[in-house]
$ cat my_file-v3.cif   # mmCIF, C-alpha atoms
data_protein
loop_
_atom_site.label_atom_id
_atom_site.label_comp_id
_atom_site.auth_asym_id
_atom_site.auth_seq_id
_atom_site.Cartn_x
_atom_site.Cartn_y
_atom_site.Cartn_z
CA MET A 1 53.77 12.97 56.12
CA LEU A 2 51.54 16.04 55.75
CA THR A 3 52.51 16.36 52.09
CA LEU A 4 51.57 12.74 51.45
CA LEU A 5 48.33 13.15 53.43
CA LYS A 6 47.42 16.15 51.29
CA LYS A 7 48.24 14.17 48.15
CA GLU A 8 46.03 11.27 49.25
CA ILE A 9 43.09 13.56 50.01
CA GLN A 10 43.48 15.33 46.66
CA SER A 11 43.65 11.93 44.96
CA PHE A 12 40.29 11.00 46.50
CA LEU A 13 38.61 14.32 45.77
CA HIS A 14 40.02 14.68 42.24
CA SER A 15 38.68 11.28 41.22
CA LEU A 16 35.16 9.91 40.99
CA ILE A 17 35.66 7.33 43.73
CA GLY A 18 35.51 9.83 46.58
CA TYR A 19 32.32 11.44 45.35
CA ILE A 20 30.74 8.09 44.47
CA VAL A 21 31.42 6.74 47.96
CA MET A 22 30.01 9.82 49.66
CA GLY A 23 27.03 9.92 47.28
CA VAL A 24 26.17 6.24 47.75
CA PHE A 25 26.41 6.53 51.54
CA LEU A 26 24.15 9.60 51.67
CA LEU A 27 21.69 8.18 49.13
CA LEU A 28 21.26 4.81 50.83
CA THR A 29 20.87 6.22 54.32
CA ALA A 30 18.50 8.94 53.08
CA LEU A 31 16.30 6.41 51.30
CA PHE A 32 15.96 4.26 54.42
CA LEU A 33 15.45 7.19 56.79
CA TRP A 34 13.09 9.35 54.75
CA VAL A 35 11.72 7.56 51.68
CA PHE A 36 11.09 3.83 52.10
CA PRO A 37 7.71 3.57 53.87
CA GLU A 38 6.60 1.09 56.50
CA THR A 39 10.08 0.14 57.66
CA ASP A 40 11.54 0.24 61.14
CA PHE A 41 14.05 2.81 59.90
CA ASN A 42 11.69 5.46 58.49
CA VAL A 43 12.00 8.55 60.70
CA LEU A 44 8.63 10.02 59.72
CA ASP A 45 6.78 6.77 60.42
CA ASN A 46 8.26 5.88 63.80
CA GLY A 47 6.94 9.05 65.47
CA TYR A 48 10.08 9.83 67.49
CA ALA A 49 12.29 12.90 67.14
CA ASN A 50 15.60 11.12 66.61
CA ILE A 51 17.81 9.74 63.86
CA ASP A 52 18.70 6.51 65.66
CA SER A 53 18.02 4.62 62.43
CA LEU A 54 21.09 6.26 60.88
CA PHE A 55 23.33 4.62 63.47
CA VAL A 56 21.80 1.22 62.72
CA ILE A 57 22.06 1.46 58.94
CA ALA A 58 25.39 3.30 58.55
CA PRO A 59 27.67 0.50 59.87
CA TRP A 60 26.28 -1.92 57.26
CA VAL A 61 26.79 0.64 54.49
CA PHE A 62 30.32 1.40 55.72
CA LEU A 63 31.00 -2.35 55.77
CA PHE A 64 31.20 -2.21 51.97
CA LEU A 65 31.96 1.42 51.19
CA ILE A 66 35.04 1.80 53.40
CA PRO A 67 36.77 -1.24 51.84
CA ALA A 68 35.96 0.38 48.48
CA ILE A 69 37.80 3.51 49.63
CA THR A 70 40.84 1.72 51.07
CA MET A 71 41.30 -1.10 48.55
CA ARG A 72 43.48 1.06 46.31
CA SER A 73 45.67 2.48 49.12
CA PHE A 74 48.58 0.08 48.71
CA ALA A 75 47.28 -2.43 46.15
CA GLU A 76 47.31 0.17 43.36
CA GLU A 77 50.77 1.40 44.43
CA LYS A 78 52.08 -2.16 44.15
CA LYS A 79 50.40 -2.83 40.82
CA THR A 80 51.83 0.32 39.23
CA GLY A 81 55.23 -0.06 40.89
CA ASN A 82 54.91 3.27 42.69
CA ILE A 83 55.34 1.56 46.06
CA GLU A 84 59.07 1.14 45.41
CA LEU A 85 59.40 4.84 44.62
CA LEU A 86 57.34 5.75 47.68
CA LEU A 87 59.52 3.64 49.96
CA THR A 88 62.67 5.37 48.72
CA LYS A 89 61.40 8.79 49.82
CA PRO A 90 62.63 10.20 53.16
CA LEU A 91 59.56 8.90 54.95
CA ARG A 92 59.21 6.20 57.56
CA ASP A 93 56.84 3.33 56.85
CA ILE A 94 54.57 4.50 59.65
CA ASP A 95 54.38 7.98 58.06
CA ILE A 96 53.16 6.49 54.78
CA ILE A 97 50.62 4.29 56.55
CA LEU A 98 49.28 7.08 58.75
CA ALA A 99 48.97 9.44 55.77
CA LYS A 100 46.79 6.92 53.95
CA TYR A 101 44.88 6.08 57.13
CA PHE A 102 44.05 9.68 58.04
CA ALA A 103 43.07 10.43 54.44
CA GLY A 104 40.52 7.61 54.61
CA VAL A 105 39.26 8.78 58.00
CA LEU A 106 38.90 12.34 56.74
CA LEU A 107 36.86 11.17 53.76
CA VAL A 108 34.53 9.30 56.13
CA LEU A 109 34.19 12.42 58.27
CA ILE A 110 33.32 14.49 55.20
CA SER A 111 30.66 11.89 54.33
CA LEU A 112 29.10 12.18 57.78
CA LEU A 113 28.91 15.98 57.89
CA PRO A 114 25.94 16.34 55.48
CA THR A 115 23.85 14.02 57.68
CA LEU A 116 23.78 16.78 60.30
CA ILE A 117 21.10 18.36 58.11
CA TRP A 118 18.83 15.49 59.15
CA TYR A 119 19.43 16.26 62.81
CA PHE A 120 18.40 19.89 62.34
CA THR A 121 15.37 18.74 60.32
CA ILE A 122 14.29 16.44 63.15
CA SER A 123 14.90 19.22 65.65
CA MET A 124 12.49 21.49 63.76
CA LEU A 125 9.88 18.73 63.37
CA ALA A 126 9.97 17.85 67.08
CA SER A 127 7.14 18.91 69.38
CA PRO A 128 8.09 21.34 70.78
CA ALA A 129 10.80 22.39 68.32
CA GLY A 130 14.27 21.51 69.57
CA ASN A 131 13.03 18.73 71.85
CA VAL A 132 15.71 16.20 70.89
CA ASP A 133 18.40 14.35 72.81
CA THR A 134 21.37 16.35 71.55
CA GLY A 135 23.88 14.73 73.91
CA GLY A 136 22.83 11.24 72.91
CA MET A 137 23.00 12.18 69.24
CA TRP A 138 26.57 13.48 69.50
CA GLY A 139 27.57 10.35 71.40
CA SER A 140 26.09 8.22 68.63
CA TYR A 141 27.97 10.18 65.97
CA LEU A 142 31.19 9.72 67.89
CA GLY A 143 30.56 5.97 68.08
CA LEU A 144 29.93 5.81 64.33
CA PHE A 145 33.10 7.80 63.66
CA PHE A 146 35.19 5.45 65.82
CA LEU A 147 33.62 2.43 64.10
CA ALA A 148 34.45 3.86 60.67
CA SER A 149 38.00 4.66 61.81
CA GLY A 150 38.45 1.02 62.79
CA PHE A 151 37.12 -0.12 59.40
CA VAL A 152 39.58 2.20 57.64
CA ALA A 153 42.51 0.65 59.53
CA ILE A 154 41.30 -2.83 58.57
CA GLY A 155 40.91 -1.76 54.94
CA ILE A 156 44.42 -0.28 54.83
CA PHE A 157 45.83 -3.56 56.15
CA ALA A 158 43.89 -5.60 53.57
CA SER A 159 45.25 -3.40 50.79
CA ALA A 160 48.80 -3.76 52.11
CA ILE A 161 48.75 -7.57 51.88
CA SER A 162 47.40 -7.75 48.33
CA GLU A 163 48.42 -6.47 44.92
CA ASN A 164 44.87 -6.81 43.57
CA GLN A 165 42.26 -4.23 44.51
CA VAL A 166 39.35 -6.66 44.22
CA VAL A 167 41.08 -9.15 46.51
CA ALA A 168 41.89 -6.33 48.94
CA PHE A 169 38.20 -5.31 48.90
CA ILE A 170 37.02 -8.87 49.62
CA ILE A 171 39.54 -9.36 52.43
CA ALA A 172 38.59 -6.02 53.99
CA VAL A 173 34.85 -6.78 53.84
CA PHE A 174 35.44 -10.18 55.44
CA LEU A 175 37.65 -8.80 58.23
CA CYS A 176 35.29 -5.88 58.92
CA PHE A 177 32.30 -8.23 59.09
CA PHE A 178 34.17 -10.70 61.28
CA CYS A 179 35.19 -7.98 63.74
CA PHE A 180 31.75 -6.34 63.63
CA MET A 181 29.43 -9.36 63.88
CA GLY A 182 31.51 -12.53 63.61
CA LEU A 183 33.02 -12.55 67.09
CA ASP A 184 29.66 -11.61 68.61
CA SER A 185 28.07 -14.60 66.85
CA ILE A 186 30.88 -16.94 67.90
CA SER A 187 30.42 -15.93 71.55
CA ILE A 188 26.97 -17.60 71.68
CA LEU A 189 28.19 -21.02 70.53
CA GLY A 190 28.25 -22.45 74.04
CA PHE A 191 31.66 -21.54 75.43
CA PRO A 192 32.30 -21.88 79.19
CA SER A 193 30.93 -19.08 81.34
CA GLY A 194 33.18 -16.05 81.21
CA PHE A 195 34.99 -17.10 78.06
CA ASP A 196 32.01 -16.18 75.90
CA THR A 197 32.03 -12.69 77.42
CA ILE A 198 35.72 -12.27 76.58
CA ILE A 199 35.08 -13.23 72.95
CA GLN A 200 32.12 -10.82 72.79
CA TYR A 201 34.21 -7.96 74.14
CA LEU A 202 36.86 -8.63 71.50
CA GLY A 203 34.26 -7.81 68.83
CA ILE A 204 33.10 -4.40 67.68
CA GLN A 205 29.35 -4.91 68.09
CA ILE A 206 29.06 -4.63 71.87
CA HIS A 207 31.25 -1.51 72.00
CA TYR A 208 29.47 0.19 69.11
CA ALA A 209 26.04 -0.67 70.52
CA SER A 210 26.99 1.07 73.75
CA MET A 211 28.28 4.21 72.04
CA SER A 212 25.38 4.34 69.56
CA ARG A 213 23.05 4.81 72.54
CA GLY A 214 25.00 7.94 73.41
CA VAL A 215 26.91 6.29 76.26
CA LEU A 216 30.56 7.40 76.20
CA ASP A 217 32.58 4.83 78.11
CA THR A 218 36.37 5.19 78.09
CA ARG A 219 36.64 1.41 77.71
CA ASP A 220 34.81 1.59 74.37
CA ILE A 221 36.95 4.50 73.17
CA ILE A 222 40.14 2.66 74.18
CA TYR A 223 38.87 -0.45 72.36
CA PHE A 224 38.38 1.38 69.05
CA MET A 225 41.71 3.17 69.35
CA SER A 226 43.41 -0.16 70.09
CA LEU A 227 41.66 -1.82 67.14
CA ALA A 228 42.91 0.87 64.75
CA ALA A 229 46.41 0.79 66.26
CA MET A 230 46.57 -3.01 65.97
CA PHE A 231 45.74 -3.07 62.26
CA ILE A 232 48.07 -0.15 61.59
CA LEU A 233 50.81 -2.19 63.29
CA PHE A 234 49.87 -5.22 61.15
CA THR A 235 50.19 -3.01 58.08
CA LYS A 236 53.60 -1.79 59.18
CA THR A 237 54.74 -5.37 59.75
CA SER A 238 53.52 -6.31 56.27
CA MET A 239 55.47 -3.45 54.69
CA GLU A 240 58.62 -4.35 56.60
CA GLY A 241 58.29 -7.96 55.47
CA ARG A 242 58.21 -6.79 51.85
CA LYS A 243 61.69 -5.31 52.20
CA TRP A 244 63.30 -8.65 52.98
#

$ encode --input "my_file-v3.cif" --output "structure tokens"
Amino acid sequence: MLTLLKKEIQSFLHSLIGYIVMGVFLLLTALFLWVFPETDFNVLDNGYANIDSLFVIAPWVFLFLIPAITMRSFAEEKKTGNIELLLTKPLRDIDIILAKYFAGVLLVLISLLPTLIWYFTISMLASPAGNVDTGGMWGSYLGLFFLASGFVAIGIFASAISENQVVAFIIAVFLCFFCFMGLDSISILGFPSGFDTIIQYLGIQIHYASMSRGVLDTRDIIYFMSLAAMFILFTKTSMEGRKW
């Protein structure tokens, strides 16, 4: 599995797609946080020493960029016929899936690392210098990382059920949006008391909102880990169905 993981990472970093994804993510978030004036997201205009705007904008950027990363994971293998060769190697299905999943997660992590420069910038601009909520910031980063990890699992699944990268991208965007905002919106449609809360807790939004405030609740962490595990299991089931 480690050999395949290394191959997947090299495939991302030796092609334009990895750098384009990271560049687009950093450019868009930087523009909203530092350049576009008179917006609720501009750090310099809001007068507070934090980068909370990053954790509001990033999920919407990831909603499109992560499906762009994952759409080729299995769809391209199927289109080129390499999937048959890959399945004949002495690897379990779960090893192949996890290698592609962790490669996507690692690319997301690499994309997030440069944004730490903004934290240190805010720390220096604060009055007095260093007067920032470091604990809350790390909690927010962890929440964003878990959110992105869930999106990667969804994207891998979407790629596994399609032989067309564009179709895989569209399916992944739809599923990510549905899990992120769709269930939260459905919960306010007038369901009986208690049932609406269950639907809301099945969605990502309420769990991410909690973690993005720097609150680390084990229930939220378990939710994101379960979300990723569920879509990885769906992907495994899809691959097993292909063998019949």

$ atom_distance --input "my_file-v3.cif" --atom1 "CA of Ile188 in chain A" --atom2 "CA of Leu54 in chain A"
26.8 Å

$ closest_residue --input "my_file-v3.cif" --among "A:Phe120, A:Phe169, A:Phe146, A:Trp138" --to "Tyr223 in chain A" --atoms "all atoms listed in the file"
A:Phe146

$ residues_around --input "my_file-v3.cif" --residues "Asp196 in chain A" --least-positions-apart "4" --cutoff "12 Å" --atoms "all atoms listed in the file" --output "list in words"
Leu183, Asp184, Ser185, Ile186, Ser187, Ile188, Leu189, Gly190, Phe191, Pro192, Gln200, Tyr201, Leu202 and Gly203 of chain A

$ write_last_selection --input "my_file-v3.cif" --atoms "C-alpha atoms" --output "PDB file, in the frame of the given file"
ATOM      1  CA  LEU A 183      33.020 -12.550  67.090  1.00  0.00           C
ATOM      2  CA  ASP A 184      29.660 -11.610  68.610  1.00  0.00           C
ATOM      3  CA  SER A 185      28.070 -14.600  66.850  1.00  0.00           C
ATOM      4  CA  ILE A 186      30.880 -16.940  67.900  1.00  0.00           C
ATOM      5  CA  SER A 187      30.420 -15.930  71.550  1.00  0.00           C
ATOM      6  CA  ILE A 188      26.970 -17.600  71.680  1.00  0.00           C
ATOM      7  CA  LEU A 189      28.190 -21.020  70.530  1.00  0.00           C
ATOM      8  CA  GLY A 190      28.250 -22.450  74.040  1.00  0.00           C
ATOM      9  CA  PHE A 191      31.660 -21.540  75.430  1.00  0.00           C
ATOM     10  CA  PRO A 192      32.300 -21.880  79.190  1.00  0.00           C
ATOM     11  CA  GLN A 200      32.120 -10.820  72.790  1.00  0.00           C
ATOM     12  CA  TYR A 201      34.210  -7.960  74.140  1.00  0.00           C
ATOM     13  CA  LEU A 202      36.860  -8.630  71.500  1.00  0.00           C
ATOM     14  CA  GLY A 203      34.260  -7.810  68.830  1.00  0.00           C
TER      15      GLY A 203
END

$ resolve_selection --input "my_file-v3.cif" --expression "the PyMOL selection byres ((chain A and resi 68) around 12)" --output "PyMOL selection string"
chain A and resi 12+17-18+20-22+24-25+61-67+69-73+75+104+108+151-152+154-156+158-159+165-173

$ resolve_selection --input "my_file-v3.cif" --expression "the PyMOL selection byres ((chain A and resi 114-116) around 12)" --output "PyMOL selection string"
chain A and resi 22-23+25-30+33+50-51+54-55+58+108-113+117-123+134+137-138+141

$ write_last_selection --input "my_file-v3.cif" --atoms "C-alpha atoms" --output "PDB file, keeping the file's coordinate frame"
ATOM      1  CA  MET A  22      30.010   9.820  49.660  1.00  0.00           C
ATOM      2  CA  GLY A  23      27.030   9.920  47.280  1.00  0.00           C
ATOM      3  CA  PHE A  25      26.410   6.530  51.540  1.00  0.00           C
ATOM      4  CA  LEU A  26      24.150   9.600  51.670  1.00  0.00           C
ATOM      5  CA  LEU A  27      21.690   8.180  49.130  1.00  0.00           C
ATOM      6  CA  LEU A  28      21.260   4.810  50.830  1.00  0.00           C
ATOM      7  CA  THR A  29      20.870   6.220  54.320  1.00  0.00           C
ATOM      8  CA  ALA A  30      18.500   8.940  53.080  1.00  0.00           C
ATOM      9  CA  LEU A  33      15.450   7.190  56.790  1.00  0.00           C
ATOM     10  CA  ASN A  50      15.600  11.120  66.610  1.00  0.00           C
ATOM     11  CA  ILE A  51      17.810   9.740  63.860  1.00  0.00           C
ATOM     12  CA  LEU A  54      21.090   6.260  60.880  1.00  0.00           C
ATOM     13  CA  PHE A  55      23.330   4.620  63.470  1.00  0.00           C
ATOM     14  CA  ALA A  58      25.390   3.300  58.550  1.00  0.00           C
ATOM     15  CA  VAL A 108      34.530   9.300  56.130  1.00  0.00           C
ATOM     16  CA  LEU A 109      34.190  12.420  58.270  1.00  0.00           C
ATOM     17  CA  ILE A 110      33.320  14.490  55.200  1.00  0.00           C
ATOM     18  CA  SER A 111      30.660  11.890  54.330  1.00  0.00           C
ATOM     19  CA  LEU A 112      29.100  12.180  57.780  1.00  0.00           C
ATOM     20  CA  LEU A 113      28.910  15.980  57.890  1.00  0.00           C
ATOM     21  CA  ILE A 117      21.100  18.360  58.110  1.00  0.00           C
ATOM     22  CA  TRP A 118      18.830  15.490  59.150  1.00  0.00           C
ATOM     23  CA  TYR A 119      19.430  16.260  62.810  1.00  0.00           C
ATOM     24  CA  PHE A 120      18.400  19.890  62.340  1.00  0.00           C
ATOM     25  CA  THR A 121      15.370  18.740  60.320  1.00  0.00           C
ATOM     26  CA  ILE A 122      14.290  16.440  63.150  1.00  0.00           C
ATOM     27  CA  SER A 123      14.900  19.220  65.650  1.00  0.00           C
ATOM     28  CA  THR A 134      21.370  16.350  71.550  1.00  0.00           C
ATOM     29  CA  MET A 137      23.000  12.180  69.240  1.00  0.00           C
ATOM     30  CA  TRP A 138      26.570  13.480  69.500  1.00  0.00           C
ATOM     31  CA  TYR A 141      27.970  10.180  65.970  1.00  0.00           C
TER      32      TYR A 141
END

$ residues_around --input "my_file-v3.cif" --residues "Phe102 in chain A" --least-positions-apart "5" --cutoff "10 Å" --atoms "only C-alpha atoms" --output "list in words"
Leu5, Lys6, Glu8, Ile9, Ile97, Leu107, Val108, Ser149, Val152 and Ala153 of chain A

$ closest_residue --input "my_file-v3.cif" --among "A:Glu240, A:Ile198, A:Glu163, A:Phe74" --to "Tyr101 in chain A" --atoms "only C-alpha atoms"
A:Phe74

$ atom_distance --input "my_file-v3.cif" --atom1 "CA of Gly194 in chain A" --atom2 "CA of Val215 in chain A"
23.7 Å

$ closest_residue --input "my_file-v3.cif" --among "A:Ile94, A:Val105, A:Leu142, A:Leu125" --to "Asp217 in chain A" --atoms "all atoms listed in the file"
A:Leu142

$ atom_distance --input "my_file-v3.cif" --atom1 "CA of Asp40 in chain A" --atom2 "CA of Cys176 in chain A"
24.6 Å

$ residues_around --input "my_file-v3.cif" --residues "Gln205 in chain A" --least-positions-apart "4" --cutoff "8 Å" --atoms "all atoms listed in the file" --output "PyMOL selection string"
chain A and resi 179-181+184+209

$ closest_residue --input "my_file-v3.cif" --among "A:Asp93, A:Asp52, A:Asp220, A:Glu76" --to "Tyr208 in chain A" --atoms "only C-alpha atoms"
A:Asp220

$ closest_residue --input "my_file-v3.cif" --among "A:Tyr19, A:Ile206, A:Phe231, A:Ile161" --to "Arg219 in chain A" --atoms "only C-alpha atoms"
A:Ile206

$ closest_residue --input "my_file-v3.cif" --among "A:Ala148, A:Leu98, A:Ile221, A:Leu13" --to "Leu233 in chain A" --atoms "all atoms listed in the file"
A:Leu98
